[in-house]
$ cat final.cif   # mmCIF, C-alpha atoms and all ligand atoms
data_entry
#
loop_
_atom_site.label_atom_id
_atom_site.label_comp_id
_atom_site.auth_asym_id
_atom_site.auth_seq_id
_atom_site.Cartn_x
_atom_site.Cartn_y
_atom_site.Cartn_z
CA MET E 1 114.52 85.16 114.57
CA GLU E 2 113.83 88.82 113.87
CA PHE E 3 115.06 90.01 110.49
CA GLU E 4 117.71 92.68 110.91
CA SER E 5 117.48 95.26 108.11
CA VAL E 6 120.62 95.93 106.08
CA LEU E 7 119.66 99.57 106.56
CA PRO E 8 120.84 101.27 109.75
CA PRO E 9 118.23 101.96 112.45
CA LEU E 10 116.70 105.41 112.90
CA VAL E 11 116.84 106.78 116.42
CA ILE E 12 114.47 109.61 117.36
CA LYS E 13 113.84 110.77 120.92
CA GLY E 14 115.31 107.52 122.23
CA LYS E 15 113.07 105.36 120.03
CA ARG E 16 115.10 102.91 117.98
CA VAL E 17 113.26 102.24 114.72
CA ARG E 18 114.70 99.05 113.21
CA VAL E 19 113.99 100.04 109.59
CA PRO E 20 114.66 103.74 108.88
CA LEU E 21 111.59 104.10 106.67
CA ILE E 22 108.63 106.30 107.50
CA GLN E 23 105.43 105.75 105.57
CA GLY E 24 104.36 109.34 105.00
CA GLY E 25 100.93 110.51 106.11
CA MET E 26 98.51 110.43 103.18
CA GLY E 27 95.28 112.34 103.44
CA VAL E 28 92.49 112.18 102.95
CA GLY E 29 91.93 108.71 104.33
CA VAL E 30 94.67 106.90 102.39
CA SER E 31 96.93 106.22 105.35
CA LEU E 32 94.68 105.02 108.13
CA HIS E 33 95.44 102.40 110.78
CA PRO E 34 95.45 99.34 108.46
CA LEU E 35 98.38 100.76 106.48
CA ALA E 36 100.19 102.39 109.41
CA SER E 37 100.05 99.30 111.62
CA ALA E 38 101.24 97.06 108.76
CA VAL E 39 104.29 99.29 108.25
CA ALA E 40 104.94 99.46 112.01
CA ARG E 41 104.80 95.65 112.21
CA GLU E 42 107.48 95.43 109.51
CA GLY E 43 109.82 97.58 111.60
CA GLY E 44 109.24 100.97 109.93
CA VAL E 45 107.13 103.90 111.10
CA GLY E 46 103.44 103.91 110.18
CA ILE E 47 101.77 107.30 109.98
CA VAL E 48 98.03 107.93 109.81
CA SER E 49 96.70 111.14 108.31
CA SER E 50 94.58 113.41 110.47
CA ALA E 51 92.80 115.01 107.50
CA CYS E 52 88.99 114.78 107.78
CA LEU E 53 89.46 111.94 110.25
CA ASP E 54 86.34 112.79 112.26
CA ARG E 55 84.16 112.03 109.23
CA LEU E 56 86.03 108.88 108.26
CA VAL E 57 86.01 107.39 111.75
CA SER E 58 82.37 108.42 112.36
CA LYS E 59 81.39 106.58 109.19
CA ARG E 60 83.37 103.49 110.11
CA LYS E 61 81.92 103.34 113.63
CA ASP E 62 78.46 104.47 112.55
CA LYS E 63 78.59 106.88 115.46
CA LYS E 64 79.50 110.58 115.54
CA VAL E 65 83.01 111.18 116.89
CA ASN E 66 84.80 114.51 117.10
CA THR E 67 88.27 115.42 115.86
CA TYR E 68 89.98 114.68 119.19
CA GLU E 69 88.31 111.28 119.50
CA ALA E 70 89.06 110.38 115.89
CA ALA E 71 92.78 111.17 116.25
CA TYR E 72 92.90 109.27 119.55
CA GLU E 73 91.21 106.22 118.05
CA GLU E 74 93.22 106.04 114.85
CA VAL E 75 96.58 106.44 116.58
CA SER E 76 95.63 103.83 119.20
CA LEU E 77 94.66 101.35 116.48
CA ALA E 78 97.81 102.09 114.46
CA LYS E 79 99.92 101.27 117.53
CA SER E 80 97.93 98.27 118.67
CA ALA E 81 99.81 95.63 116.66
CA GLY E 82 103.22 96.81 117.92
CA GLY E 83 105.98 98.90 116.41
CA PHE E 84 106.18 102.66 116.00
CA ALA E 85 103.25 104.68 114.74
CA GLY E 86 102.16 108.29 114.64
CA ILE E 87 100.12 110.87 112.83
CA ASN E 88 100.54 113.54 110.18
CA ILE E 89 98.72 116.76 110.99
CA MET E 90 98.63 119.52 108.39
CA VAL E 91 98.97 123.11 109.59
CA ALA E 92 96.65 124.19 106.75
CA LEU E 93 93.76 122.39 108.45
CA VAL E 94 93.56 125.19 111.02
CA ARG E 95 90.17 124.43 112.50
CA ASP E 96 91.09 120.89 113.60
CA TYR E 97 94.80 121.34 114.27
CA GLU E 98 94.90 121.59 118.06
CA ASP E 99 92.30 118.91 118.70
CA SER E 100 94.13 116.51 116.36
CA VAL E 101 97.40 117.15 118.23
CA LYS E 102 95.79 116.64 121.65
CA GLY E 103 94.04 113.42 120.60
CA ALA E 104 97.28 112.03 119.16
CA LEU E 105 99.33 112.99 122.23
CA ASP E 106 96.81 111.49 124.64
CA ALA E 107 96.81 108.27 122.60
CA GLY E 108 100.61 108.10 122.99
CA ALA E 109 101.58 108.67 119.36
CA ASP E 110 105.26 107.92 118.83
CA PHE E 111 105.55 110.70 116.27
CA ILE E 112 103.62 113.79 115.24
CA ILE E 113 104.75 114.94 111.81
CA SER E 114 103.44 118.33 110.76
CA GLY E 115 103.74 120.36 107.57
CA ALA E 116 101.66 122.08 104.84
CA GLY E 117 102.57 125.31 106.60
CA LEU E 118 105.07 125.94 109.40
CA PRO E 119 104.07 124.28 112.70
CA LEU E 120 105.44 127.18 114.75
CA GLY E 121 103.20 126.66 117.79
CA LEU E 122 103.17 122.84 117.91
CA PRO E 123 105.19 122.32 121.15
CA ALA E 124 103.01 124.83 123.01
CA ILE E 125 99.72 122.97 122.51
CA GLN E 126 100.32 120.36 125.21
CA PRO E 127 103.48 118.83 126.75
CA PRO E 128 104.44 116.08 124.29
CA LYS E 129 105.93 113.70 126.89
CA ASP E 130 107.38 110.75 124.88
CA THR E 131 105.92 111.83 121.55
CA ALA E 132 108.50 113.10 119.05
CA LEU E 133 107.52 116.36 117.33
CA ILE E 134 108.74 116.50 113.74
CA PRO E 135 108.20 119.45 111.39
CA ILE E 136 108.22 119.09 107.59
CA VAL E 137 110.28 121.72 105.76
CA SER E 138 111.38 122.44 102.22
CA SER E 139 114.41 124.58 103.04
CA ALA E 140 117.09 125.24 105.63
CA ARG E 141 115.54 128.66 106.22
CA ALA E 142 112.21 127.14 107.24
CA LEU E 143 114.01 124.78 109.61
CA GLU E 144 115.86 127.70 111.19
CA LEU E 145 112.61 129.66 111.68
CA ILE E 146 111.04 126.69 113.41
CA CYS E 147 114.10 126.00 115.59
CA LYS E 148 114.23 129.65 116.71
CA LYS E 149 110.53 129.76 117.51
CA TRP E 150 110.56 126.39 119.28
CA GLU E 151 113.65 127.42 121.28
CA ARG E 152 111.55 130.19 122.80
CA LEU E 153 108.99 127.55 123.73
CA GLY E 154 111.72 125.46 125.36
CA TYR E 155 111.64 122.74 122.71
CA ARG E 156 113.81 121.47 119.87
CA PRO E 157 112.53 119.43 116.91
CA ASP E 158 113.10 115.74 117.60
CA ALA E 159 113.76 115.22 113.88
CA VAL E 160 112.90 117.04 110.68
CA VAL E 161 111.44 115.82 107.39
CA LEU E 162 112.89 117.56 104.36
CA GLU E 163 110.36 117.17 101.54
CA GLY E 164 111.51 117.99 98.01
CA PRO E 165 109.38 118.99 95.02
CA LEU E 166 108.76 115.47 93.64
CA ALA E 167 106.43 114.48 96.50
CA GLY E 168 102.72 113.76 96.38
CA GLY E 169 100.12 116.01 97.98
CA HIS E 170 100.81 119.69 98.67
CA LEU E 171 104.25 121.04 97.82
CA GLY E 172 106.23 123.57 99.81
CA PHE E 173 107.42 125.35 96.66
CA LYS E 174 105.97 128.03 94.42
CA MET E 175 105.10 126.86 90.89
CA ASP E 176 108.17 128.49 89.33
CA GLN E 177 110.50 126.94 91.93
CA ILE E 178 109.48 123.32 91.47
CA ASP E 179 111.84 122.52 88.61
CA LEU E 180 114.86 124.54 89.76
CA GLU E 181 118.10 122.58 89.94
CA SER E 182 118.78 124.14 93.35
CA ASN E 183 115.51 122.66 94.65
CA LYS E 184 116.33 119.04 93.79
CA LEU E 185 116.15 117.01 96.99
CA GLU E 186 119.85 116.14 96.84
CA ASN E 187 120.72 119.84 96.55
CA LEU E 188 118.36 120.91 99.35
CA PHE E 189 119.75 118.23 101.62
CA LEU E 190 123.19 119.57 102.62
CA PRO E 191 122.08 123.04 103.81
CA VAL E 192 119.27 121.40 105.80
CA LYS E 193 121.67 118.84 107.27
CA ASP E 194 124.06 121.67 108.27
CA MET E 195 121.22 123.58 109.91
CA ALA E 196 120.09 120.42 111.72
CA ILE E 197 123.64 119.94 113.04
CA LYS E 198 123.78 123.60 114.12
CA TYR E 199 120.65 123.19 116.21
CA GLY E 200 121.85 120.06 118.01
CA ASN E 201 122.24 117.22 115.53
CA ILE E 202 118.57 116.87 114.71
CA PRO E 203 117.97 113.70 112.62
CA VAL E 204 117.06 114.54 109.01
CA ILE E 205 114.55 112.42 107.11
CA VAL E 206 114.28 112.99 103.37
CA ALA E 207 111.15 112.65 101.24
CA GLY E 208 109.93 113.18 97.70
CA GLY E 209 110.62 110.94 94.71
CA ILE E 210 112.50 108.22 96.59
CA TYR E 211 111.44 104.95 95.02
CA THR E 212 113.92 102.04 95.15
CA HIS E 213 116.20 100.36 97.69
CA ASN E 214 119.13 101.95 95.87
CA ASP E 215 117.55 105.42 96.17
CA ILE E 216 117.33 104.79 99.92
CA LEU E 217 120.95 103.67 100.13
CA SER E 218 122.02 106.69 98.14
CA PHE E 219 120.37 109.20 100.52
CA LEU E 220 121.59 107.36 103.60
CA SER E 221 125.12 107.47 102.22
CA LYS E 222 124.79 111.24 101.79
CA GLY E 223 124.05 111.52 105.51
CA ALA E 224 120.27 111.28 105.74
CA ASP E 225 119.11 109.56 108.94
CA GLY E 226 115.85 108.26 107.53
CA ILE E 227 113.57 108.19 104.49
CA GLN E 228 109.88 109.06 104.18
CA MET E 229 107.91 107.59 101.29
CA GLY E 230 104.30 108.09 100.21
CA THR E 231 103.53 107.01 96.66
CA ARG E 232 104.86 103.48 97.03
CA PHE E 233 102.59 102.87 100.01
CA LEU E 234 99.57 104.36 98.23
CA ALA E 235 99.24 101.29 95.99
CA THR E 236 99.58 98.66 98.70
CA GLU E 237 96.81 96.30 99.71
CA GLU E 238 96.59 97.91 103.14
CA SER E 239 96.18 101.49 101.93
CA SER E 240 92.63 102.78 102.25
CA ALA E 241 92.53 104.43 98.81
CA THR E 242 89.61 103.12 96.74
CA SER E 243 90.37 100.44 94.17
CA ASP E 244 89.63 103.02 91.43
CA TYR E 245 92.31 105.28 92.91
CA LYS E 246 94.86 102.45 93.05
CA GLN E 247 93.99 101.50 89.46
CA ALA E 248 94.44 105.14 88.37
CA VAL E 249 97.94 105.03 89.89
CA ILE E 250 98.75 101.85 87.98
CA ASP E 251 97.37 103.30 84.74
CA ALA E 252 99.08 106.69 85.09
CA ARG E 253 101.76 107.54 82.54
CA GLN E 254 104.53 110.03 83.27
CA GLU E 255 102.78 112.72 81.24
CA ASP E 256 99.56 112.25 83.22
CA ILE E 257 101.08 113.55 86.46
CA LEU E 258 101.10 117.31 86.88
CA VAL E 259 101.13 120.03 89.48
CA ALA E 260 97.74 121.72 89.77
CA ASP E 261 97.86 125.45 90.24
CA LYS E 262 94.77 127.00 88.72
CA PRO E 263 92.42 125.37 89.40
CA GLY E 264 94.40 124.20 92.40
CA SER E 265 94.15 123.55 96.10
CA PRO E 266 92.23 126.07 98.22
CA CYS E 267 95.20 125.90 100.63
CA GLY E 268 97.06 128.00 98.06
CA LEU E 269 99.92 125.49 97.76
CA PRO E 270 100.72 123.67 94.50
CA PHE E 271 99.21 120.18 94.57
CA ARG E 272 100.28 117.20 92.44
CA VAL E 273 97.50 115.23 90.72
CA ILE E 274 96.78 112.66 88.05
CA LYS E 275 95.32 114.87 85.35
CA GLN E 276 92.48 112.45 84.53
CA SER E 277 91.13 112.61 88.12
CA PRO E 278 87.39 113.18 87.63
CA MET E 279 87.20 116.15 90.02
CA PHE E 280 90.20 117.81 88.40
CA VAL E 281 88.65 117.41 84.94
CA SER E 282 85.34 118.84 86.18
CA ALA E 283 87.14 121.71 87.89
CA GLN E 284 88.96 122.60 84.68
CA LYS E 285 85.65 122.66 82.79
CA ARG E 286 83.90 124.41 85.73
CA LEU E 287 81.28 121.67 85.77
CA ARG E 288 80.85 121.66 89.53
CA GLU E 289 79.05 124.53 91.22
CA PRO E 290 81.25 126.17 93.87
CA LYS E 291 80.24 124.76 97.21
CA CYS E 292 82.06 123.71 100.34
CA ASP E 293 80.10 121.85 102.97
CA LYS E 294 83.13 120.52 104.86
CA GLY E 295 85.21 123.54 105.95
CA TYR E 296 88.50 121.83 106.84
CA VAL E 297 90.58 124.27 104.79
CA LEU E 298 89.83 127.76 106.03
CA LEU E 299 91.45 131.10 105.34
CA LYS E 300 91.01 134.27 107.37
CA ASP E 301 88.03 136.53 106.69
CA ALA E 302 88.04 140.34 106.87
CA GLU E 303 87.91 140.15 110.66
CA GLY E 304 90.90 137.82 110.83
CA LYS E 305 88.81 134.77 111.74
CA PHE E 306 89.26 131.43 109.99
CA THR E 307 85.87 131.13 108.32
CA ARG E 308 86.46 131.23 104.59
CA CYS E 309 87.06 128.32 102.18
CA PRO E 310 87.94 129.69 98.74
CA ALA E 311 86.32 126.63 97.10
CA LYS E 312 82.99 127.79 98.45
CA GLU E 313 83.11 131.06 96.56
CA SER E 314 84.71 130.21 93.24
CA ASN E 315 85.55 127.24 91.09
CA GLU E 316 87.84 129.24 88.86
CA ASN E 317 90.87 129.13 91.12
CA CYS E 318 90.35 125.98 93.08
CA PHE E 319 88.79 122.57 93.22
CA CYS E 320 86.86 121.32 96.23
CA ILE E 321 89.76 119.40 97.69
CA CYS E 322 88.10 117.91 100.80
CA ASN E 323 85.17 116.46 98.89
CA GLY E 324 87.43 115.24 96.07
CA LEU E 325 89.89 113.53 98.38
CA LEU E 326 87.17 112.14 100.66
CA SER E 327 85.60 110.57 97.59
CA SER E 328 88.99 108.96 96.75
CA ALA E 329 88.86 107.28 100.14
CA GLY E 330 85.34 105.95 99.52
CA TYR E 331 83.44 108.66 101.42
CA ASN E 332 80.41 110.04 99.55
CA SER E 333 81.81 108.51 96.35
CA ASP E 334 78.29 108.34 94.94
CA LYS E 335 77.88 112.13 95.33
CA GLU E 336 81.31 113.63 94.70
CA GLU E 337 83.95 112.90 92.09
CA PRO E 338 87.37 111.70 93.22
CA LEU E 339 90.62 113.65 93.09
CA TYR E 340 93.83 111.62 92.89
CA THR E 341 97.07 113.00 94.31
CA VAL E 342 100.36 111.16 93.72
CA GLY E 343 104.11 111.76 93.67
CA THR E 344 106.00 112.18 90.39
CA ASN E 345 107.06 108.54 90.41
CA ALA E 346 103.53 107.13 90.48
CA TYR E 347 103.84 106.17 86.81
CA ARG E 348 106.41 103.53 87.84
CA VAL E 349 103.89 101.67 90.00
CA ASP E 350 102.56 98.68 88.06
CA ARG E 351 100.76 96.57 90.65
CA ILE E 352 99.24 96.51 94.10
CA ILE E 353 101.32 94.59 96.62
CA PRO E 354 101.11 93.85 100.35
CA VAL E 355 103.12 96.09 102.67
CA LYS E 356 105.30 93.14 103.67
CA ASN E 357 106.50 92.60 100.09
CA LEU E 358 107.14 96.30 99.64
CA MET E 359 109.12 96.53 102.87
CA ASP E 360 111.17 93.44 101.90
CA GLU E 361 111.97 95.11 98.59
CA LEU E 362 112.79 98.51 100.09
CA THR E 363 115.00 97.08 102.82
CA GLY E 364 116.94 94.97 100.33
CA LYS E 365 115.70 91.67 101.71
CA VAL E 366 114.37 90.79 98.28
CA LEU E 367 116.30 92.04 95.29
CA ILE E 368 114.13 93.51 92.54
CA PRO E 369 115.77 94.30 89.19
CA THR E 370 115.56 98.09 88.72
CA SER E 371 113.83 99.28 85.57
C1 LIG X 401 98.21 110.28 98.25
C2 LIG X 401 99.12 111.17 99.03
C3 LIG X 401 98.59 111.95 100.05
C4 LIG X 401 99.44 112.74 100.82
N1 LIG X 401 98.91 113.44 101.86
C5 LIG X 401 99.72 114.13 102.70
C6 LIG X 401 99.19 114.77 103.84
O1 LIG X 401 98.01 114.68 104.14
N2 LIG X 401 100.03 115.50 104.63
C7 LIG X 401 101.38 115.58 104.33
O2 LIG X 401 102.11 116.25 105.07
N3 LIG X 401 101.91 114.95 103.26
C8 LIG X 401 101.11 114.24 102.45
N4 LIG X 401 101.66 113.55 101.39
C9 LIG X 401 103.12 113.52 101.21
C10 LIG X 401 103.72 112.20 101.76
O3 LIG X 401 103.54 112.10 103.16
C11 LIG X 401 105.21 112.04 101.43
O4 LIG X 401 106.02 112.93 102.14
C12 LIG X 401 105.52 112.21 99.96
O5 LIG X 401 104.54 111.64 99.17
C13 LIG X 401 106.87 111.62 99.63
O6 LIG X 401 107.08 111.56 98.26
P1 LIG X 401 106.80 110.22 97.38
O7 LIG X 401 105.35 110.13 97.22
O8 LIG X 401 107.53 110.49 96.11
O9 LIG X 401 107.38 109.06 98.15
C14 LIG X 401 100.83 112.79 100.57
C15 LIG X 401 101.33 112.02 99.50
C16 LIG X 401 100.51 111.22 98.75
C17 LIG X 401 101.09 110.39 97.64
#
$ encode --input "final.cif" --output "structure tokens" --more "lines below"
Ligand SMILES: Cc1cc2nc3c(=O)[nH]c(=O)nc-3n(C[C@H](O)[C@H](O)[C@H](O)COP(=O)(O)O)c2cc1C
Amino acid sequence: MEFESVLPPLVIKGKRVRVPLIQGGMGVGVSLHPLASAVAREGGVGIVSSACLDRLVSKRKDKKVNTYEAAYEEVSLAKSAGGFAGINIMVALVRDYEDSVKGALDAGADFIISGAGLPLGLPAIQPPKDTALIPIVSSARALELICKKWERLGYRPDAVVLEGPLAGGHLGFKMDQIDLESNKLENLFLPVKDMAIKYGNIPVIVAGGIYTHNDILSFLSKGADGIQMGTRFLATEESSATSDYKQAVIDARQEDILVADKPGSPCGLPFRVIKQSPMFVSAQKRLREPKCDKGYVLLKDAEGKFTRCPAKESNENCFCICNGLLSSAGYNSDKEEPLYTVGTNAYRVDRIIPVKNLMDELTGKVLIPTS
């Protein structure tokens, strides 16, 4: 008999997801198909990250694949064991954006979730057919901008992820806005929900700092349609973070988790890290010569072309995020130091568990005393 979650199902673009939990995309190389397919098998939504996927898949296959092929392969594998699976594609990774979208669509991704910038042109890249297109926003205003732009393209978001300031990875808030009372997820939620209703009852998924079964129940009772979680899935057996990364999460104390600004991410968005991450420490002491040999994060040059990675020119303002995060996923770990990104609640993680146990806990199948 199939276990029926005590949580209500999440319905997006006609897809009925039995457990309304989305495992958030975690780049670089943390959420790959082993994690995503495990979550999908448990009835939630598994999401692979598109970041630097060409390199990670090429290494795994020992054969050069391009961005399109890598997205196609990873989504196909994530879906192969059944359930719902998709991909997270960051707008900030301009060079690879369109090819990642096309590869995921051709592989039949159930969901494309896109943030770290506003995915204003996403529906125009290729007809999405059955794939649900889901932007990530941090405010009602951003959702309205996207809805207006997508309306002109003849499309409406199939759902929206509202990500608050407690999340891992890049944050959609300026440094001085992160701690504002008005930016707490519960306070951002109602205006976003109202906007989602205005544009046709778009399902709203909340993310950032949600940790326990009770947290999930609390947001669902406020009217959220689904929950996206990252940090809890980072320290599962199926996540592709290195064992050093997972151990750093277990060892992290509350005061070890901070938002890096300067040095920070070359994307220009605040980025949450464990302060002892070797690459972050080296960046603070300027021990690493500025160099970027990857070029995933590009800004415009004087001619308006995307050719410039700030980490190539200076190590005063930014760390070399692609190399740091690739190292945290076991790529070139002998040459580059790792950089560990986590959500604010990472200090509460005290062990590595299988996805099944985590899903049982989160869905209320197994009751865990809350600390
Ligand atoms: C290790 C890690 C990597 C992440 N990478 C990405 C990413 O590549 N793209 C993205 O949109 N969000 C990324 N996120 C954000 C998650 O998808 C998720 O929305 C967020 O972590 C939710 O907050 P929580 O960690 O408190 O559950 C990342 C989060 C973590 C912890």
$ atom_distance --input "final.cif" --atom1 "atom CA of Gly103 of chain E" --atom2 "atom CA of Tyr245 of chain E"
28.9 Å
$ residues_near_ligand --input "final.cif" --ligand "ligand LIG 401 (chain X)" --cutoff "7 Å" --atoms "all atoms listed in the file" --output "JSON, numbers by chain"
{"E": [24, 25, 26, 27, 28, 30, 49, 51, 88, 89, 90, 114, 115, 116, 163, 166, 167, 168, 169, 170, 207, 208, 209, 210, 211, 228, 229, 230, 231, 232, 234, 341, 342, 343, 344, 345]}
$ residues_around --input "final.cif" --residues "Leu298 of chain E" --least-positions-apart "6" --cutoff "6 Å" --atoms "only C-alpha atoms" --output "count of residues only"
4
$ atom_distance --input "final.cif" --atom1 "atom CA of Leu358 of chain E" --atom2 "atom CA of Gly83 of chain E"
17.0 Å
$ residues_around --input "final.cif" --residues "segment 15-17 of chain E" --least-positions-apart "6" --cutoff "8 Å" --atoms "only C-alpha atoms" --output "PyMOL selection string"
chain E and resi 9+43-45+84
$ residues_around --input "final.cif" --residues "Leu185 of chain E" --least-positions-apart "2" --cutoff "10 Å" --atoms "all atoms listed in the file" --output "PDB file with C-alpha atoms, in the coordinates of the input"
ATOM      1  CA  SER E 138     111.380 122.440 102.220  1.00  0.00           C
ATOM      2  CA  SER E 139     114.410 124.580 103.040  1.00  0.00           C
ATOM      3  CA  LEU E 162     112.890 117.560 104.360  1.00  0.00           C
ATOM      4  CA  GLU E 163     110.360 117.170 101.540  1.00  0.00           C
ATOM      5  CA  GLY E 164     111.510 117.990  98.010  1.00  0.00           C
ATOM      6  CA  PRO E 165     109.380 118.990  95.020  1.00  0.00           C
ATOM      7  CA  LEU E 166     108.760 115.470  93.640  1.00  0.00           C
ATOM      8  CA  GLU E 181     118.100 122.580  89.940  1.00  0.00           C
ATOM      9  CA  SER E 182     118.780 124.140  93.350  1.00  0.00           C
ATOM     10  CA  ASN E 183     115.510 122.660  94.650  1.00  0.00           C
ATOM     11  CA  ASN E 187     120.720 119.840  96.550  1.00  0.00           C
ATOM     12  CA  LEU E 188     118.360 120.910  99.350  1.00  0.00           C
ATOM     13  CA  PHE E 189     119.750 118.230 101.620  1.00  0.00           C
ATOM     14  CA  LEU E 190     123.190 119.570 102.620  1.00  0.00           C
ATOM     15  CA  VAL E 206     114.280 112.990 103.370  1.00  0.00           C
ATOM     16  CA  ALA E 207     111.150 112.650 101.240  1.00  0.00           C
ATOM     17  CA  GLY E 208     109.930 113.180  97.700  1.00  0.00           C
ATOM     18  CA  GLY E 209     110.620 110.940  94.710  1.00  0.00           C
ATOM     19  CA  ILE E 210     112.500 108.220  96.590  1.00  0.00           C
ATOM     20  CA  PHE E 219     120.370 109.200 100.520  1.00  0.00           C
TER      21      PHE E 219
END
$ closest_residue --input "final.cif" --among "E:Val6, E:Ile352, E:Cys320, E:Val94" --to "Ala235 of chain E" --atoms "all atoms listed in the file"
E:Ile352
$ decode --input "final.cif" --residues "segment 10-24 of chain E" --atoms "N, CA and C atoms" --output "PDB file, in the first residue's frame"
ATOM      1  N   LEU E  10       0.429  18.663  -3.761  1.00  0.00           N
ATOM      2  CA  LEU E  10       0.715  19.926  -4.460  1.00  0.00           C
ATOM      3  C   LEU E  10       0.387  19.694  -5.933  1.00  0.00           C
ATOM      4  N   VAL E  11      -0.472  20.529  -6.480  1.00  0.00           N
ATOM      5  CA  VAL E  11      -0.849  20.332  -7.884  1.00  0.00           C
ATOM      6  C   VAL E  11      -0.328  21.500  -8.715  1.00  0.00           C
ATOM      7  N   ILE E  12       0.537  21.186  -9.673  1.00  0.00           N
ATOM      8  CA  ILE E  12       1.114  22.204 -10.557  1.00  0.00           C
ATOM      9  C   ILE E  12       0.981  21.713 -11.991  1.00  0.00           C
ATOM     10  N   LYS E  13       0.390  22.532 -12.824  1.00  0.00           N
ATOM     11  CA  LYS E  13       0.199  22.213 -14.245  1.00  0.00           C
ATOM     12  C   LYS E  13      -0.365  20.795 -14.423  1.00  0.00           C
ATOM     13  N   GLY E  14      -1.333  20.463 -13.598  1.00  0.00           N
ATOM     14  CA  GLY E  14      -1.993  19.159 -13.714  1.00  0.00           C
ATOM     15  C   GLY E  14      -1.210  18.001 -13.121  1.00  0.00           C
ATOM     16  N   LYS E  15      -0.013  18.277 -12.604  1.00  0.00           N
ATOM     17  CA  LYS E  15       0.777  17.199 -11.986  1.00  0.00           C
ATOM     18  C   LYS E  15       0.426  17.168 -10.500  1.00  0.00           C
ATOM     19  N   ARG E  16       0.039  16.007 -10.021  1.00  0.00           N
ATOM     20  CA  ARG E  16      -0.357  15.894  -8.614  1.00  0.00           C
ATOM     21  C   ARG E  16       0.808  15.285  -7.826  1.00  0.00           C
ATOM     22  N   VAL E  17       1.501  16.140  -7.089  1.00  0.00           N
ATOM     23  CA  VAL E  17       2.669  15.689  -6.320  1.00  0.00           C
ATOM     24  C   VAL E  17       2.155  15.263  -4.940  1.00  0.00           C
ATOM     25  N   ARG E  18       2.343  13.989  -4.622  1.00  0.00           N
ATOM     26  CA  ARG E  18       1.752  13.422  -3.395  1.00  0.00           C
ATOM     27  C   ARG E  18       2.236  14.124  -2.133  1.00  0.00           C
ATOM     28  N   VAL E  19       3.521  14.434  -2.068  1.00  0.00           N
ATOM     29  CA  VAL E  19       4.087  15.122  -0.899  1.00  0.00           C
ATOM     30  C   VAL E  19       4.485  16.540  -1.340  1.00  0.00           C
ATOM     31  N   PRO E  20       3.946  17.585  -0.718  1.00  0.00           N
ATOM     32  CA  PRO E  20       4.156  18.943  -1.255  1.00  0.00           C
ATOM     33  C   PRO E  20       5.526  19.535  -0.913  1.00  0.00           C
ATOM     34  N   LEU E  21       6.557  18.701  -1.018  1.00  0.00           N
ATOM     35  CA  LEU E  21       7.909  19.143  -0.682  1.00  0.00           C
ATOM     36  C   LEU E  21       8.795  19.116  -1.914  1.00  0.00           C
ATOM     37  N   ILE E  22       9.419  20.248  -2.199  1.00  0.00           N
ATOM     38  CA  ILE E  22      10.380  20.316  -3.291  1.00  0.00           C
ATOM     39  C   ILE E  22      11.770  20.389  -2.676  1.00  0.00           C
ATOM     40  N   GLN E  23      12.629  19.485  -3.119  1.00  0.00           N
ATOM     41  CA  GLN E  23      14.040  19.567  -2.702  1.00  0.00           C
ATOM     42  C   GLN E  23      14.662  20.604  -3.629  1.00  0.00           C
ATOM     43  N   GLY E  24      15.094  21.728  -3.032  1.00  0.00           N
ATOM     44  CA  GLY E  24      15.587  22.840  -3.840  1.00  0.00           C
ATOM     45  C   GLY E  24      16.869  22.485  -4.584  1.00  0.00           C
TER      46      GLY E  24
END
